[in-house]
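Report on the following structure.
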Number of protein chains: 2
Amino acid sequence: MEVTRKNFSSVLPEVEKAINEADFLSVDTEFSGLHASNSFHISPLDTPEERYHKLRKGSSDFLVFQVGLCTFCYDKENSTYEAKPFNFYVFPKPYSRAAPDCRFLCQSSSIDFLASQGFDFNKVFKEGIPYLTSMQESELRDFLEERHKQYTQFSSPAFVTPDSGAEAVTTKGPIEIPEEHKEFIEGICNNIQEFLDKEGEESLSLPSCNGFVRKLIYQTVRQRFQSRVHLGAKTNEKKQRLIVVTRIKSEDEMKKKELEKQSTELAELEDAVGFSKVIRLISQSGKLVVGHNMFMDLVHLLHRFCSKLPENYQEFKAMAKCVFPKILDTKLMANTTPCKELLPSSVLGDLLKHIYSPPFKKPEVVIPENFPRYDIDDSNLHEAAYDAYITGICFTGMSSFLGGLQKPPLSYVPPDAPIVKPFTNKLFLMRVADVPYLDLEGDDVLPSRDHVFHITFPKEWKASDLYQLFSPFGNINITWLDDISAYVSLYKRDQSSTVMSTLCKRDARYKILTYELFKNGFKDKESRKRSHAPESTEEEPKKKKPLNVDAPVFVSRSRSVTPPMPEENGNKAEEEKMAADSTSEQQPNEQKMFEVPAW
Amino acid sequence: MEVTRKNFSSVLPEVEKAINEADFLSVDTEFSGLHASNSFHISPLDTPEERYHKLRKGSSDFLVFQVGLCTFCYDKENSTYEAKPFNFYVFPKPYSRAAPDCRFLCQSSSIDFLASQGFDFNKVFKEGIPYLTSMQESELRDFLEERHKQYTQFSSPAFVTPDSGAEAVTTKGPIEIPEEHKEFIEGICNNIQEFLDKEGEESLSLPSCNGFVRKLIYQTVRQRFQSRVHLGAKTNEKKQRLIVVTRIKSEDEMKKKELEKQSTELAELEDAVGFSKVIRLISQSGKLVVGHNMFMDLVHLLHRFCSKLPENYQEFKAMAKCVFPKILDTKLMANTTPCKELLPSSVLGDLLKHIYSPPFKKPEVVIPENFPRYDIDDSNLHEAAYDAYITGICFTGMSSFLGGLQKPPLSYVPPDAPIVKPFTNKLFLMRVADVPYLDLEGDDVLPSRDHVFHITFPKEWKASDLYQLFSPFGNINITWLDDISAYVSLYKRDQSSTVMSTLCKRDARYKILTYELFKNGFKDKESRKRSHAPESTEEEPKKKKPLNVDAPVFVSRSRSVTPPMPEENGNKAEEEKMAADSTSEQQPNEQKMFEVPAW
C-alpha cells in the first residue's frame with residue numbers, strides 16, 4: 001500500500017493494527033546515496049567498529065526517500081502467512097519557519113539507478129511524509145510552549161509578532177516608517193478601516209509584501225486598531241507571506257483566537273512528527289524486525305527518525321537495541337552454514353529465487369484484498385515495500401528450512417524459535433572476509449590478523465612493486481588505503497612470522513608495520529586526541545570472544561584472504577552483487593588505473 | 001522550448017543558430033539549495049570578496065537542476081525583439097563507469113519550494129542533459145586514449161579487460177577458479193561452443209553475474225577460444241552487467257571490432273560533454289549575458305559547466321570574464337538611479353510589472369511559432385527559461401527608458417550602447433548596504449566602515465545588553481556573527497570616534513575592536529596561515545577607488561545602516577524579496593529567539 005503525506009493520517013491506524021497483529025516485521029529503505037566520498041569507502045579489513053564510523057561519517061548525510069514495511073502474520077489453520085506491505089514516501093519538508101531545514105547529500109549514480117528503476121522523485125518531494133527526531137520534536141515543542149507562555153505573560157497580543165519563528169526579531173522601539181512606504185501603509189490602514197465599516201466579510205487578506213513592510217504594517221495597525229482587529233500570518237500556495245486581518249469584538253475574543261492559534265500550532269507539530277510515529281510503533285511492539293543486508297538501513301532509520309547517530313560505537317549498539325530490541329539480517333542467515341552451501345548467491349533477488357526451489361520450500365504468503373498484489377518477479381525490485389516483502393519471505397523460507405532439519409522437524413518456526421535466536425541482533429558486514437558479523441548484543445568477534453601488514457611507500461609504487469617486495473612470502477592480497485599506503489595480506493599465513501625480520505628497515509623508501517602495531521599506534525593517537533576517553537590499548541589486550549561451536553557456523557562466503565574493494569556504482573543492490581566473491585583489487589589512483597592487467 | 005537528454009542533440013544546432021543571431025542573451029538557473037549551513041549565511045557587512053568565498057564554500061555543492069537561456073534578436077523594421085527561450089533540464093548522470101560520480105547537496109526548503117511551483121524532478125533525474133567541466137572531459141579523454149594505446153601496444157585483446165574503467169584491475173597471473181564456480185564456468189564454455197557450432201545467431205549474451213565471476217569468464221574464455229570470439233561488456237536496462245560474445249572470423253575482424261568500440265567510446269564522451277557545449281557556445285559568442293541578481297547563477301554556471309571555482313578571488317574574476325566577457329545584472333540596474341526611484345520593488349516578478357507601466361514603455365517582444373508561448377503572469381515564475389525571458393524584457397525596458405532620457409532620445413538602445421556600459425560586468429550584492437556592486441573588471445569599491453565595531457561578549461548576552469552598552473552613542477544596528485560576537489554599527493556616524501576610548505577596557509567581559517582592526521587582524525592570521533600568499537596588510541593599505549561621478553549613481557535601496565540578516569527560506573526569489581528593505585535582525589541562537597520583541 002502506497003503511503004504519502006496525503007493518506008498518512010488515515011492509514012496510520014491500519015499500520016498500527018498490522019504491526020500489533022504481526023508475528024514479525026520486515027523493513028527496507030531506499031536512499032539518495034551510499035558513500036559521501038571514496039575516503040569513506042568500505043574496506044575488507046574494516047572491523048565492525050570501523051565500519052560503523054565509516055557509515056556514520058560517510059553515509060548519514062544521505063536522505064531516506066522510501067521506507068518499506070511489511071508485516072507478517074502467521075495463520076496456523078491454513079499454514080500461511082498474511083503479509084501487509086506498506087510503501088512510505090518520506091521527505092523532511094520544513095513544516096513551519098521554525099522547523100529544521102535539512103541539508104542532505106545525493107549521489108548521482110544512486111539517483112540515476114533509482115531513476116532507471118522508475119522511481120518517482122516527484123512523489124517523494126511533493127508528497128513525502130514529514131518526520132522529526134525525538135530531539136527535534138522536543139525542541140520545537142519547547143519553542144512553541146515558550147512562545148505561548150510569553151503570550152500569557154504579556155497578555156496584550158500587540159507584543160507578540162505572529163510572524164516570528166526561526167526569524168524571531170528584536171528591535172528597540174517602533175521603527176520610523178521610511179518616506180517611500182508611507183503611502184502604501186496609509187492605503188493598508190484605509191482598507192482595514194473600510195473592512196471594519198462594512199461588516200460583511202469575515203477576514204481581509206492584505207497584499208503580499210516583504211518582511212520589513214509586513215513589520216511596518218503590524219506596528220502601525222496595532223497602534224491604530226488595537227483590540228479591534230487580529231492580525232495573523234498566512235503563507236499562500238505560491239509561498240508568499242500574507243497578513244490576514246480579522247475583526248475582533250472584544251479582548252476576550254482576541255484571546256480566544258490566540259488560544260485557537262496555539263492549539264493549531266501544537267496540532268501542526270503533531271503532524272510534523274509524521275513517519276517517526278511508525279518507527280515508534282515498531283519500536284514499542286518489540287517485534288522481530290527483519291532486513292536484508294540491513295546495516296545501512298538500520299543506520300539511516302535510527303539517524304533520520306530517532307536521534308542523531310552517537311559518536312561512540314557502544315552507544316550506537318545501545319541505541320539500536322533500545323529502538324529495535326530484536327533484529328535479524330537475512331543476508332547473514334544466507335551466508336551461514338547450512339544455508340550458505342545451498343545458496344549460490346545471497347543477493348536479495350537471487351536469494352528469493354533459490355528459496356522458491358528445493359531443498360527450500362516455497363513459503364505460502366498471501367496479501368489481503370485491500371493491498372496491491374506483488375508479482376514475484378524482478379519488476380518491483382528496489383521498491384522498498386517489495387524488497388521488505390521478499391526479505392520477509394526469504395526469512396520464512398530459510399527459517400522453515402532450518403526447522404525441517406531439526407529432530408523432530410518443526411512444521412512452523414516462530415520468530416522467537418531457538419534456531420532463529422543465534423541470528424538475532426547480528427548484522428552482516430559486506431565485503432569483510434574474516435569478521436562474521438557485527439554483534440549488537442556484546443563484543444564483536446575479532447579474528448587474528450597476524451598475516452596482515454601495513455605498509456607506506458612512495459607515490460610512484462604500483463601493485464607490482466608490492467608483489468615484488470613480498471615475493472619471498474608467496475601470493476599476497478593488497479588492500480589499498482590511499483596512494484602511499486596499503487594493507488598486504490599473505491595467503492600463506494605460516495610465512496607471517498618472518499615478514500618483519502626480513503623486510504623491516506631493508507629499504508628506507510617504505511615502512512612496514514604489523515596490523516596490530518599499526519592499529520594500536522593509530523588508537524594511541526586517537527585516545528590521546530580524545531583524552532576523556534578512558535579506553536587505552538595499554539590495558540590488557542581485548543580478549544577474543546571464543547566462537548560457540550554449537551552456534552551456526554559463521555563463515556564468510558569469500559574464500560580469499562581479503563576480499564576486494566567495491567566497484568563504485570552507487571546502489572546498494574548492485575554493490576551487494578559486486579561484493580559477492582570477487583577478488584579484484586581496486587587501485588586508488590589514476591596512474592595505477594592505467595596499468596595493463598598482467599593476466 | 002523544453003530541452004532534455006532526449007532532444008538535446010537535435011536541438012543543439014538551433015540553440016547555436018539562436019545564440020549567433022542574437023543581440024543579447026539572458027540566463028537563469030534553478031538549483032537544489034542556497035546555503036550549506038548557517039555559517040555560510042550572507043551578512044550585510046560582507047565585502048564582495050567575502051561574499052564570493054561564502055558562495056564558493058557554502059553554495060557550490062548544490063546542483064543546478066535547470067538552466068534557462070533566452071536569446072533576444074532585435075528586428076529594426078518592426079521595432080520588436082524576437083525572443084527564443086530554451087529551458088534545459090540538466091543532470092550529471094555518470095555516463096560510464098569511469099566518469100565522475102558527483103555528490104551534491106540539497107536543501108529541504110529549496111526542494112519544497114520548487115515542488116510547490118510544480119517543478120518536475122523526475123524530468124531532471126531521468127531526462128537531464130549530462131555535462132562535464134573541461135577538466136573532467138580532458139581527464140576522461142586521456143583515460144580513453146591511454147586505454148586505446150594499450151590495446152595497440154599489446155595487440156592481443158586478451159590483455160585488455162573490456163570491463164575496466166574506474167575499477168581497472170591488476171592481478172598477478174590468472175586466478176585459480178574456485179571449486180564452487182567451476183561448474184558454472186564450464187557451462188558457459190559449453191554454451192559458447194554450441195553458439196560457435198550453430199552459426200545462426202550473431203551474438204550471445206551470457207547470464208548476468210558478479211564482477212569476480214565475469215573476470216573468471218574473461219580469463220577462461222580467452223584461454224580456450226582466443227581469436228574465435230570477441231567479448232564485450234554491456235549494461236542492460238536493469239543496470240546489470242553482461243558479457244556479450246560475438247563470433248570472430250579473423251584477427252583482423254577482431255581488430256576492426258576493437259576500433260569500432262574505441263570510436264563508440266569517443267562518441268559517448270562527446271555526448272557526455274552535453275550541456276557544457278551550450279555554455280561554450282555562449283562564451284564563444286562573446287555576447288552580452290543578462291541575469292537578474294545573477295551572482296549565484298554565475299557561480300553555479302562556472303562551477304558546474306566550466307571549471308572548479310578558484311580559491312583566489314582575483315582568479316574568480318578573471319575566470320568569469322574569460323567565460324562571459326560581458327554580463328549585466330538587471331537587479332543592479334533596477335537599484336541604480338534613475339530607475340531605482342521609479343521602481344518600488346526590484347524583485348523579478350514585481351520588476352516586470354513596473355516595466356510594463358509608465359514611465360517605462362512595454363517592450364515589444366515576440367516569440368516565434370515553434371516555441372511555446374509564455375503568458376506574462378506569475379504562473380510560469382521560477383521556470384528558468386521564463387525567468388530568463390522576463391529578465392531580458394526587464395533589461396530592454398530599463399535600457400530603452402534610459403535611452404529615452406538621452407538628448408536626443410534614442411529610439412533603440414543596443415546592448416553595447418554607452419548608457420548600458422556602466423552596468424556591464426558588475427554584480428548586484430544582495431543585502432549589502434554600503435557596497436554598490438562586485439566589479440568583475442577591476443578593484444571593488446570599498447566604503448569606509450569607521451562606524452562599525454566588532455565585539456565579543458559572554459554567551460548569555462542578548463541584544464538588550466548591546467543596546468545598553470552602546471546607549472551613549474545613539475541607535476545601533478546589530479549584525480550577529482555567532483553566539484558570542486557581532487558587528488555593531490552606529491546610526492550616528494559622528495559618534496564613531498568616541499566609541500573606542502569610552503568602551504575599550506571598561507569591562508573585562510567584552511572585547512571591542514574597530515572594524516578595520518578586526519579585519520586586519522583577521523587578514524593577518526589568514527596570510528600567516530597561507531604563508532605562500534604574498535598579499536599582506538602590512539603593505540600600504542589598499543587605495544579606495546573613487547566613485548566616478550559621471551557614472552550612474554549606485555546607491556543601495558536600503559536606508560538602514562546595515563540591512564538585516566535573511567529569513568531562512570531556501571529559495572532565491574523569496575530570499576530576494578525578504579532582502580528588500582527589511583531592517584529586522586536575526587538572532588543567532590534559540591535563547592535569543594525566545595525574547596519578546598520590545599516594541
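For the C-alpha cells, the naming scheme is as follows: chains receive sequential letters (A, B, ...) according to their order of presentation, residues are indexed from 1 within each chain, and ligands are indexed from 1 in presentation order.
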
Just list the residues in region 36-148 of chain B DSSP gives strand (DSSP E) on the backbone, as a tab-separated table (two decimals) with C-alpha atoms, in the first residue's frame.
chain	number	residue	atom	x	y	z
B	64	VAL	CA	21.89	23.13	-10.96
B	65	PHE	CA	18.62	21.45	-11.98
B	66	GLN	CA	17.53	23.76	-14.76
B	67	VAL	CA	19.16	26.41	-16.92
B	68	GLY	CA	17.08	28.93	-18.82
B	69	LEU	CA	18.58	30.65	-21.84
B	70	CYS	CA	16.68	33.24	-23.82
B	71	THR	CA	18.12	34.78	-26.96
B	72	PHE	CA	16.93	38.27	-27.99
B	73	CYS	CA	17.25	39.44	-31.57
B	74	TYR	CA	16.17	43.00	-32.48
B	75	ASP	CA	14.11	43.46	-35.61
B	80	THR	CA	10.42	44.37	-31.94
B	81	TYR	CA	12.59	41.79	-30.25
B	82	GLU	CA	12.36	38.16	-31.21
B	83	ALA	CA	12.93	36.04	-28.10
B	84	LYS	CA	13.77	32.34	-28.13
B	85	PRO	CA	13.52	30.81	-24.65
B	86	PHE	CA	15.19	27.42	-24.09
B	87	ASN	CA	14.55	25.51	-20.88
B	88	PHE	CA	17.34	22.96	-20.26
B	89	TYR	CA	16.96	20.20	-17.66
B	103	ARG	CA	27.85	14.06	-4.82
B	104	PHE	CA	25.62	17.09	-4.39
B	105	LEU	CA	23.72	18.84	-1.63
B	106	CYS	CA	20.03	19.62	-1.45
B	107	GLN	CA	18.23	21.94	0.95

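Pairwise distance (CA of Ile478 (chain B), CA of Ile217 (chain A)) equals 22.5 Å.
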
Original post:
Using only C-alpha atoms, which residue out of B:Leu288, B:Cys306, B:Val278, B:Ala36 lies closest to Ala22 (chain B)?
Top reply: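 Under the stated criterion, the closest residue is B:Leu288.
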
**OP:** Find the residues near Met135 (chain A): any atom within 10 Å, counting only C-alpha atoms, skip ones fewer than 5 places away on the same chain, and give them as a PyMOL selection string.
**Re:** chain A and resi 140-141+305-308

Would you mind exporting the chosen residues as a compact mmCIF listing (two decimals), in the first residue's frame, restricted to N, CA, C and O atoms?
# COMPACT_ATOMS: atom_id res chain seq x y z
N LEU A 140 11.15 21.81 19.27
CA LEU A 140 10.07 22.60 18.69
C LEU A 140 8.92 22.79 19.67
O LEU A 140 8.31 23.84 19.75
N ARG A 141 8.67 21.74 20.46
CA ARG A 141 7.60 21.83 21.45
C ARG A 141 7.97 22.88 22.51
O ARG A 141 7.14 23.71 22.86
N PHE A 305 14.94 9.08 11.95
CA PHE A 305 13.63 9.05 12.60
C PHE A 305 13.72 8.96 14.12
O PHE A 305 12.70 9.06 14.81
N CYS A 306 14.93 8.74 14.67
CA CYS A 306 15.03 8.59 16.11
C CYS A 306 15.94 9.66 16.70
O CYS A 306 15.48 10.54 17.41
N SER A 307 17.21 9.60 16.38
CA SER A 307 18.14 10.51 17.02
C SER A 307 19.45 10.50 16.25
O SER A 307 19.80 9.52 15.61
N LYS A 308 20.17 11.59 16.33
CA LYS A 308 21.50 11.67 15.71
C LYS A 308 22.33 10.46 16.10
O LYS A 308 22.29 10.03 17.26

Subject >> Using only C-alpha atoms: which of B:Leu405, B:Cys322, B:Leu466, B:Val273 has the shortest distance to chain A >> reply: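 For chain A, the nearest of the candidates is B:Leu466.
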
**OP:** May I ask which of the residues A:Ser276, A:Ser471, A:Asn335, A:Ser464 is the closest one to Leu12 (chain A), counting only C-alpha atoms?
**Re:** A:Ser276

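Among the candidates B:Gly521, B:Gly474, B:Gly200, B:Pro372, the residue lying nearest to chain A is B:Gly474 (atoms considered: only C-alpha atoms).
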
Original post:
Near Lys317 (chain B), within 10 Å and counting only C-alpha atoms, which residues show up once chain neighbours fewer than 2 positions away are dropped, as a ChimeraX atom specification?
Top reply: /B:52,310,312-315,319-322,425,438-442

**OP:** Could you check which of A:Ile19, A:Leu266, A:Ala508, A:Leu381 is closest to chain B, using only C-alpha atoms?
**Re:**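 That would be A:Leu381, the residue with the smallest distance to chain B.
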
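For the pair CA of Phe473 (chain A) and CA of Gln219 (chain B), the separation is 25.4 Å.
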
Original post:
So what do you get for CA of Arg509 (chain B) versus CA of His451 (chain B), distance-wise?
Top reply: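 That distance, rounded to one decimal, is 21.8 Å.
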
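Of the listed residues (A:Thr235, A:Gln117, A:Ser43, A:Thr330), A:Gln117 comes nearest to chain B; the distances count only C-alpha atoms.
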
Original post:
Among region 270-516 of chain B, which ones does DSSP place in alpha helix (DSSP H), written as a PyMOL selection string?
Top reply: chain B and resi 270-273+276-285+295-305+313-323+330-334+339-342+348-355+384-404+463-469+496-503+515-516

Subject >> Spatial neighbours of Asn122 (chain B), max dist 7 Å, only C-alpha atoms, sep filter under 2 positions, as a PyMOL selection string >> reply: (chain A and resi 120-122) or (chain B and resi 120+124-126)

The selected residues should be written to file as a PDB file, in the first residue's frame (atoms: N, CA, C and O atoms).
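This went into out36.pdb:
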ATOM      1  N   ASP A 120       9.763   7.356  -8.423  1.00  0.00           N
ATOM      2  CA  ASP A 120       9.026   8.608  -8.612  1.00  0.00           C
ATOM      3  C   ASP A 120       9.534   9.665  -7.631  1.00  0.00           C
ATOM      4  O   ASP A 120       9.085   9.754  -6.489  1.00  0.00           O
ATOM      5  N   PHE A 121      10.481  10.496  -8.102  1.00  0.00           N
ATOM      6  CA  PHE A 121      11.052  11.534  -7.241  1.00  0.00           C
ATOM      7  C   PHE A 121      10.033  12.622  -6.918  1.00  0.00           C
ATOM      8  O   PHE A 121      10.054  13.202  -5.831  1.00  0.00           O
ATOM      9  N   ASN A 122       9.138  12.890  -7.859  1.00  0.00           N
ATOM     10  CA  ASN A 122       8.119  13.912  -7.592  1.00  0.00           C
ATOM     11  C   ASN A 122       7.271  13.518  -6.390  1.00  0.00           C
ATOM     12  O   ASN A 122       6.896  14.362  -5.584  1.00  0.00           O
TER      13      ASN A 122
ATOM     14  N   ASP B 120       9.331  19.633 -12.064  1.00  0.00           N
ATOM     15  CA  ASP B 120       9.317  18.205 -12.382  1.00  0.00           C
ATOM     16  C   ASP B 120      10.689  17.584 -12.099  1.00  0.00           C
ATOM     17  O   ASP B 120      11.589  17.610 -12.935  1.00  0.00           O
ATOM     18  N   VAL B 124      14.282  16.051 -14.363  1.00  0.00           N
ATOM     19  CA  VAL B 124      15.705  16.333 -14.113  1.00  0.00           C
ATOM     20  C   VAL B 124      16.488  15.036 -14.001  1.00  0.00           C
ATOM     21  O   VAL B 124      17.492  14.832 -14.680  1.00  0.00           O
ATOM     22  N   PHE B 125      16.015  14.148 -13.121  1.00  0.00           N
ATOM     23  CA  PHE B 125      16.817  12.969 -12.788  1.00  0.00           C
ATOM     24  C   PHE B 125      16.776  11.910 -13.883  1.00  0.00           C
ATOM     25  O   PHE B 125      17.702  11.134 -14.049  1.00  0.00           O
ATOM     26  N   LYS B 126      15.658  11.851 -14.621  1.00  0.00           N
ATOM     27  CA  LYS B 126      15.544  10.811 -15.639  1.00  0.00           C
ATOM     28  C   LYS B 126      15.934  11.293 -17.027  1.00  0.00           C
ATOM     29  O   LYS B 126      16.351  10.501 -17.858  1.00  0.00           O
TER      30      LYS B 126
END
